[in-house]
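Peer 1: One file: entry_1.txt (compact mmCIF, C-alpha atoms and all ligand atoms).
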```txt
# COMPACT_ATOMS: atom_id res chain seq x y z
CA THR Q 1 -34.42 10.63 -2.16
CA ARG Q 2 -36.07 7.77 -4.04
CA GLY Q 3 -37.11 5.61 -1.09
CA PRO Q 4 -38.17 4.21 1.15
CA HIS Q 5 -37.78 0.76 -0.35
CA SER Q 6 -38.74 -2.12 1.89
CA VAL Q 7 -37.96 -5.84 1.62
CA LYS Q 8 -39.00 -8.27 4.36
CA GLY Q 9 -39.35 -5.39 6.82
CA LYS Q 10 -35.82 -4.16 6.11
CA SER Q 11 -36.12 -0.74 4.54
CA PHE Q 12 -33.56 1.48 2.89
CA VAL Q 13 -33.37 4.80 1.12
CA VAL Q 14 -31.42 5.65 -2.04
CA ARG Q 15 -30.40 9.29 -2.42
CA ARG Q 16 -27.91 11.41 -4.32
CA ALA Q 17 -24.45 11.43 -2.69
CA THR Q 18 -23.07 14.60 -1.08
CA LEU Q 19 -19.57 15.78 -0.20
CA GLU Q 20 -20.17 14.66 3.41
CA ASP Q 21 -20.76 11.09 2.18
CA ILE Q 22 -17.36 10.78 0.48
CA PRO Q 23 -15.37 9.62 3.57
CA LYS Q 24 -18.04 6.97 4.31
CA VAL Q 25 -18.10 5.84 0.68
CA ILE Q 26 -14.30 5.51 0.74
CA VAL Q 27 -14.50 3.28 3.84
CA ILE Q 28 -17.18 1.06 2.24
CA ASN Q 29 -15.07 0.79 -0.92
CA ARG Q 30 -11.96 -0.18 1.09
CA VAL Q 31 -13.65 -2.94 3.05
CA THR Q 32 -15.50 -4.40 0.06
CA LEU Q 33 -13.24 -4.11 -3.02
CA PRO Q 34 -9.54 -4.28 -3.90
CA GLU Q 35 -9.99 -1.43 -6.41
CA ASN Q 36 -9.48 1.72 -4.31
CA TYR Q 37 -9.05 5.31 -5.40
CA PRO Q 38 -7.68 8.54 -3.93
CA GLU Q 39 -10.14 10.99 -2.37
CA TRP Q 40 -9.81 13.46 -5.25
CA PHE Q 41 -11.09 10.81 -7.66
CA TRP Q 42 -14.33 10.34 -5.69
CA ARG Q 43 -14.73 14.10 -5.33
CA GLU Q 44 -14.16 14.66 -9.05
CA HIS Q 45 -16.91 12.19 -9.94
CA LEU Q 46 -19.26 13.87 -7.48
CA GLU Q 47 -18.49 17.31 -8.93
CA LYS Q 48 -18.77 16.30 -12.58
CA TRP Q 49 -21.40 13.56 -12.57
CA GLY Q 50 -23.04 13.95 -9.15
CA ASP Q 51 -26.52 13.27 -10.51
CA ALA Q 52 -25.39 9.68 -11.15
CA PHE Q 53 -23.62 9.15 -7.79
CA PHE Q 54 -25.95 7.60 -5.20
CA VAL Q 55 -25.74 6.23 -1.67
CA ALA Q 56 -28.08 3.85 0.15
CA GLU Q 57 -28.95 4.43 3.80
CA VAL Q 58 -30.37 2.10 6.43
CA ASP Q 59 -31.48 3.77 9.66
CA GLY Q 60 -29.51 6.87 8.68
CA LYS Q 61 -26.29 4.92 8.08
CA VAL Q 62 -24.66 4.85 4.64
CA VAL Q 63 -24.31 1.17 3.67
CA GLY Q 64 -23.75 1.30 -0.08
CA TYR Q 65 -22.88 3.50 -3.05
CA VAL Q 66 -22.70 3.62 -6.81
CA MET Q 67 -20.36 6.02 -8.62
CA SER Q 68 -20.56 6.73 -12.35
CA ARG Q 69 -19.06 8.87 -15.06
CA VAL Q 70 -20.03 9.95 -18.56
CA GLU Q 71 -17.69 9.30 -21.49
CA TYR Q 72 -17.84 9.99 -25.19
CA GLY Q 73 -16.71 7.22 -27.48
CA ALA Q 74 -17.39 4.19 -29.62
CA PRO Q 75 -20.42 2.15 -28.57
CA ASN Q 76 -19.76 -1.32 -27.10
CA ILE Q 77 -22.98 -2.84 -28.42
CA ALA Q 78 -24.62 -0.88 -31.25
CA LYS Q 79 -22.64 -0.21 -34.40
CA GLY Q 80 -22.14 3.33 -35.52
CA THR Q 81 -20.98 6.73 -34.55
CA LEU Q 82 -19.61 8.03 -31.25
CA ILE Q 83 -22.08 8.18 -28.39
CA LYS Q 84 -22.36 9.27 -24.78
CA LYS Q 85 -21.74 6.25 -22.60
CA GLY Q 86 -22.46 5.94 -18.91
CA HIS Q 87 -19.66 4.11 -17.07
CA ILE Q 88 -20.48 2.50 -13.73
CA VAL Q 89 -17.08 2.94 -12.07
CA SER Q 90 -17.76 1.32 -8.70
CA ILE Q 91 -20.67 -0.11 -6.72
CA ALA Q 92 -20.67 -1.81 -3.33
CA VAL Q 93 -22.97 -2.68 -0.45
CA LEU Q 94 -21.65 -3.53 3.04
CA GLU Q 95 -21.70 -7.26 3.70
CA GLY Q 96 -24.39 -7.29 6.39
CA TYR Q 97 -26.81 -5.43 4.13
CA ARG Q 98 -26.69 -7.53 0.96
CA ARG Q 99 -29.48 -9.54 -0.72
CA ARG Q 100 -32.22 -7.09 0.15
CA GLY Q 101 -32.36 -5.21 -3.12
CA ILE Q 102 -29.99 -2.36 -2.29
CA GLY Q 103 -27.49 -3.12 -5.06
CA ALA Q 104 -30.26 -3.36 -7.65
CA ALA Q 105 -31.85 -0.10 -6.44
CA LEU Q 106 -28.50 1.72 -6.63
CA MET Q 107 -27.88 0.40 -10.14
CA LYS Q 108 -31.36 1.38 -11.33
CA ALA Q 109 -30.95 4.89 -9.93
CA ALA Q 110 -27.59 5.33 -11.68
CA ILE Q 111 -28.83 3.90 -15.00
CA GLU Q 112 -31.92 6.11 -14.99
CA ALA Q 113 -29.85 9.23 -14.25
CA LEU Q 114 -27.27 8.38 -16.92
CA ARG Q 115 -30.07 8.02 -19.47
CA ASP Q 116 -32.41 10.84 -18.44
CA LYS Q 117 -30.07 13.50 -16.99
CA TYR Q 118 -26.95 12.90 -19.09
CA GLY Q 119 -28.43 11.57 -22.33
CA CYS Q 120 -26.35 8.39 -22.42
CA LYS Q 121 -27.27 5.85 -25.10
CA GLU Q 122 -25.46 2.98 -23.38
CA VAL Q 123 -24.21 2.05 -19.92
CA TYR Q 124 -21.20 -0.21 -19.36
CA LEU Q 125 -18.90 -1.50 -16.63
CA GLU Q 126 -16.04 -3.87 -15.91
CA VAL Q 127 -16.36 -6.76 -13.46
CA ARG Q 128 -14.04 -9.57 -12.34
CA VAL Q 129 -14.84 -12.80 -14.20
CA SER Q 130 -15.05 -14.53 -10.78
CA ASN Q 131 -17.55 -12.05 -9.29
CA GLU Q 132 -20.73 -14.14 -9.61
CA PRO Q 133 -22.95 -12.00 -7.35
CA ALA Q 134 -22.22 -8.83 -9.30
CA ILE Q 135 -22.47 -10.54 -12.73
CA ARG Q 136 -25.87 -12.01 -11.73
CA LEU Q 137 -27.06 -8.59 -10.61
CA TYR Q 138 -25.96 -6.94 -13.87
CA GLU Q 139 -27.51 -9.68 -16.04
CA LYS Q 140 -30.76 -9.39 -14.12
CA LEU Q 141 -30.82 -5.68 -14.97
CA GLY Q 142 -30.26 -6.37 -18.67
CA PHE Q 143 -26.49 -6.08 -19.10
CA GLN Q 144 -24.76 -8.50 -21.42
CA LYS Q 145 -21.17 -9.71 -21.43
CA VAL Q 146 -19.58 -8.00 -24.45
CA ARG Q 147 -15.97 -9.16 -24.23
CA VAL Q 148 -13.18 -10.27 -21.90
CA LEU Q 149 -10.53 -7.71 -20.95
CA PRO Q 150 -7.46 -9.88 -20.28
CA MET Q 151 -5.43 -9.09 -17.14
CA TYR Q 152 -7.59 -6.05 -16.43
CA TYR Q 153 -6.93 -6.12 -12.68
CA LEU Q 154 -3.63 -5.54 -10.88
CA ASP Q 155 -3.58 -9.15 -9.59
CA GLY Q 156 -3.88 -10.45 -13.17
CA GLU Q 157 -7.56 -11.42 -13.15
CA ASP Q 158 -9.59 -10.84 -16.33
CA ALA Q 159 -12.65 -8.59 -16.47
CA TYR Q 160 -15.85 -8.90 -18.41
CA LEU Q 161 -16.89 -5.72 -20.11
CA MET Q 162 -20.66 -5.72 -19.66
CA ALA Q 163 -22.98 -3.24 -21.35
CA MET Q 164 -26.60 -2.38 -21.94
CA GLU Q 165 -28.26 -0.10 -24.49
CA LEU Q 166 -30.44 2.64 -23.02
N1 LIG X 201 -25.26 -14.82 -5.41
C1 LIG X 201 -26.07 -14.92 -6.49
N2 LIG X 201 -26.79 -13.88 -6.99
C2 LIG X 201 -26.68 -12.69 -6.36
C3 LIG X 201 -25.86 -12.52 -5.22
C4 LIG X 201 -25.15 -13.65 -4.74
N3 LIG X 201 -24.35 -13.58 -3.66
N4 LIG X 201 -25.95 -11.23 -4.82
C5 LIG X 201 -26.80 -10.62 -5.68
N5 LIG X 201 -27.25 -11.50 -6.61
C6 LIG X 201 -28.19 -11.23 -7.71
C7 LIG X 201 -29.49 -11.90 -7.41
O1 LIG X 201 -30.12 -12.18 -8.63
C8 LIG X 201 -30.22 -10.83 -6.65
O2 LIG X 201 -31.60 -10.98 -6.65
P1 LIG X 201 -32.29 -11.93 -5.53
O3 LIG X 201 -31.73 -11.54 -4.19
O4 LIG X 201 -33.74 -11.64 -5.67
O5 LIG X 201 -31.91 -13.33 -5.90
C9 LIG X 201 -29.84 -9.61 -7.45
O6 LIG X 201 -28.47 -9.83 -7.79
C10 LIG X 201 -30.00 -8.30 -6.70
O7 LIG X 201 -29.31 -8.37 -5.48
P2 LIG X 201 -29.27 -7.15 -4.47
O8 LIG X 201 -29.78 -7.58 -3.13
O9 LIG X 201 -29.92 -5.96 -5.09
O10 LIG X 201 -27.69 -6.88 -4.42
P3 LIG X 201 -26.81 -6.52 -3.13
O11 LIG X 201 -27.43 -5.38 -2.41
O12 LIG X 201 -26.55 -7.74 -2.37
O13 LIG X 201 -25.48 -5.97 -3.83
C11 LIG X 201 -23.32 -6.29 -4.82
C12 LIG X 201 -24.81 -6.70 -4.85
C13 LIG X 201 -23.23 -4.78 -4.95
C14 LIG X 201 -22.62 -6.95 -6.01
C15 LIG X 201 -22.72 -6.78 -3.48
O14 LIG X 201 -22.64 -8.18 -3.49
C16 LIG X 201 -21.34 -6.22 -3.18
O15 LIG X 201 -21.20 -5.12 -2.64
N6 LIG X 201 -20.27 -7.01 -3.48
C17 LIG X 201 -18.90 -6.60 -3.18
C18 LIG X 201 -18.46 -5.43 -4.03
C19 LIG X 201 -18.55 -5.76 -5.52
O16 LIG X 201 -18.25 -6.86 -5.95
N7 LIG X 201 -18.97 -4.77 -6.31
C20 LIG X 201 -19.07 -4.89 -7.77
C21 LIG X 201 -17.72 -4.75 -8.39
S1 LIG X 201 -17.82 -4.42 -10.16
C22 LIG X 201 -18.13 -2.72 -10.27
O17 LIG X 201 -18.05 -2.05 -9.25
C23 LIG X 201 -18.50 -2.09 -11.58
```
Take the structure I supplied and represent it as structure tokens, if you would.
Ligand code: ACO
Peer 2:
Amino acid sequence: TRGPHSVKGKSFVVRRATLEDIPKVIVINRVTLPENYPEWFWREHLEKWGDAFFVAEVDGKVVGYVMSRVEYGAPNIAKGTLIKKGHIVSIAVLEGYRRRGIGAALMKAAIEALRDKYGCKEVYLEVRVSNEPAIRLYEKLGFQKVRVLPMYYLDGEDAYLMAMEL
């Protein structure tokens, strides 16, 4: 665990996800985002990159998650040779628990693990161009918009590819 964090008397804990968390994470993902994945996909990320898969708990209840993966490829920001890149695949916090620092704490935990445990030189993600709360959060953490990915989502919306050097 990395907590307890506390904001205005509302405290939460960020800890590494376990297999038992997967069903809860899937529910949070389904109620918060249109991008949903089969159970094996969540399990695969936990098995392969579990040190960068975190959940947030409030009073023992899982209220948020961040899931990441590690890829090898061309950098999005720096010029040069192939690098290890951390990819934030999905992050969400249940609606009643937002704006108390949980999203930022989850992101920081994932970024730190991608850098220190996996040796990533960059972290990147995709986000809907209309998703102001998430874009604000990422910019606050140091991500920059690198390019637009046209029609990235199934409903036709564009994504920003956002990235940060580590
Ligand atoms: N409006 C403006 N700025 C916001 C908002 C908002 N609604 N929400 C967060 N921010 C910014 C603010 O700068 C905020 O700092 P402040 O509260 O001091 O002003 C900062 O982000 C940190 O906010 P947190 O409280 O840490 O974030 P939160 O716990 O609310 O989680 C999240 C943010 C994860 C984006 C949440 O809104 C959410 O779950 N949304 C639905 C799911 C989603 O969109 N996920 C991201 C999809 S993209 C991807 O997964 C890679």
Peer 1: Within 10 Å of ligand LIG 201 (chain X), which residues show up when you count only C-alpha atoms and all ligand atoms? List them as a VMD selection string, please.
Peer 2: chain Q and resid 7 28 to 35 56 63 to 68 87 to 108 124 to 141 159 to 162
Peer 1: Choose the residue, out of Q:Ser11, Q:Gln144, Q:Thr18, Q:Asn36, that has the smallest atom-to-atom separation from Q:Glu57; count only C-alpha atoms.
Peer 2: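 Closest to Q:Glu57, using only C-alpha atoms: Q:Ser11.
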Peer 1: If I take atom CA of Q:Phe54 and atom CA of Q:Ala17, how far is one from the other in Å, to one decimal?
Peer 2: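 Distance between the two atoms: 4.8 Å.
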Peer 1: So what do you get for atom CA of Q:Phe12 versus atom CA of Q:Ile26, distance-wise?
Peer 2: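 We find that atom CA of Q:Phe12 and atom CA of Q:Ile26 lie 19.8 Å from each other.
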Peer 1: Rounded to one decimal, what separation in Å do you get between atom CA of Q:Val148 and atom CA of Q:Met164?
Peer 2: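 Interatomic distance here is 15.6 Å.
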Peer 1: Measuring atom to atom with all atoms listed in the file, identify which of Q:Tyr72, Q:Ala163, Q:Gly80, Q:Val146 is nearest to Q:Gly119.
Peer 2: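 With all atoms listed in the file as the atom set, the closest residue is Q:Tyr72.
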Peer 1: Quick one: everything within 8 Å of Q:His45, counting only C-alpha atoms, minus sequence neighbours fewer than 3 positions away in the same chain. Send it as a PyMOL selection string.
Peer 2: chain Q and resi 41-42+48-50+53+67-69
Peer 1: Find the residue from Q:Pro75, Q:Asp51, Q:Lys145, Q:Asp59 that sits nearest to Q:Lys10; use only C-alpha atoms when measuring.
Peer 2: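 Going through Q:Pro75, Q:Asp51, Q:Lys145, Q:Asp59 one by one, the smallest distance to Q:Lys10 is for Q:Asp59.
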Peer 1: Counting all atoms listed in the file, what is within 10 Å of Q:Glu39, bar same-chain residues fewer than 4 positions away, as a ChimeraX atom specification?
Peer 2: /Q:22-23,25-26,43-44
Peer 1: Any chance you can output those residues with C-alpha atoms as a tab-separated table (two decimals), keeping the file's coordinate frame?
Peer 2:
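Saved file selection11.tsv follows:
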```tsv
chain	number	residue	atom	x	y	z
Q	22	ILE	CA	-17.36	10.78	0.48
Q	23	PRO	CA	-15.37	9.62	3.57
Q	25	VAL	CA	-18.10	5.84	0.68
Q	26	ILE	CA	-14.30	5.51	0.74
Q	43	ARG	CA	-14.73	14.10	-5.33
Q	44	GLU	CA	-14.16	14.66	-9.05
```
Peer 1: Counting only C-alpha atoms, which residue out of Q:Asp21, Q:Glu165, Q:Glu47, Q:Asp155 sits closest to Q:Lys85?
Peer 2: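 Looking at the shortest contact to Q:Lys85, the residue is Q:Glu165.
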Peer 1: Of the candidates Q:Arg147, Q:Arg16, Q:Lys79, Q:Lys24, which one gets nearest to Q:Val55 if we count only C-alpha atoms?
Peer 2: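 Closest to Q:Val55, using only C-alpha atoms: Q:Arg16.
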Peer 1: I'd like to know which of Q:Ile83, Q:Ala74, Q:Leu19, Q:Leu114 is closest to Q:Leu46, using all atoms listed in the file.
Peer 2: Q:Leu19
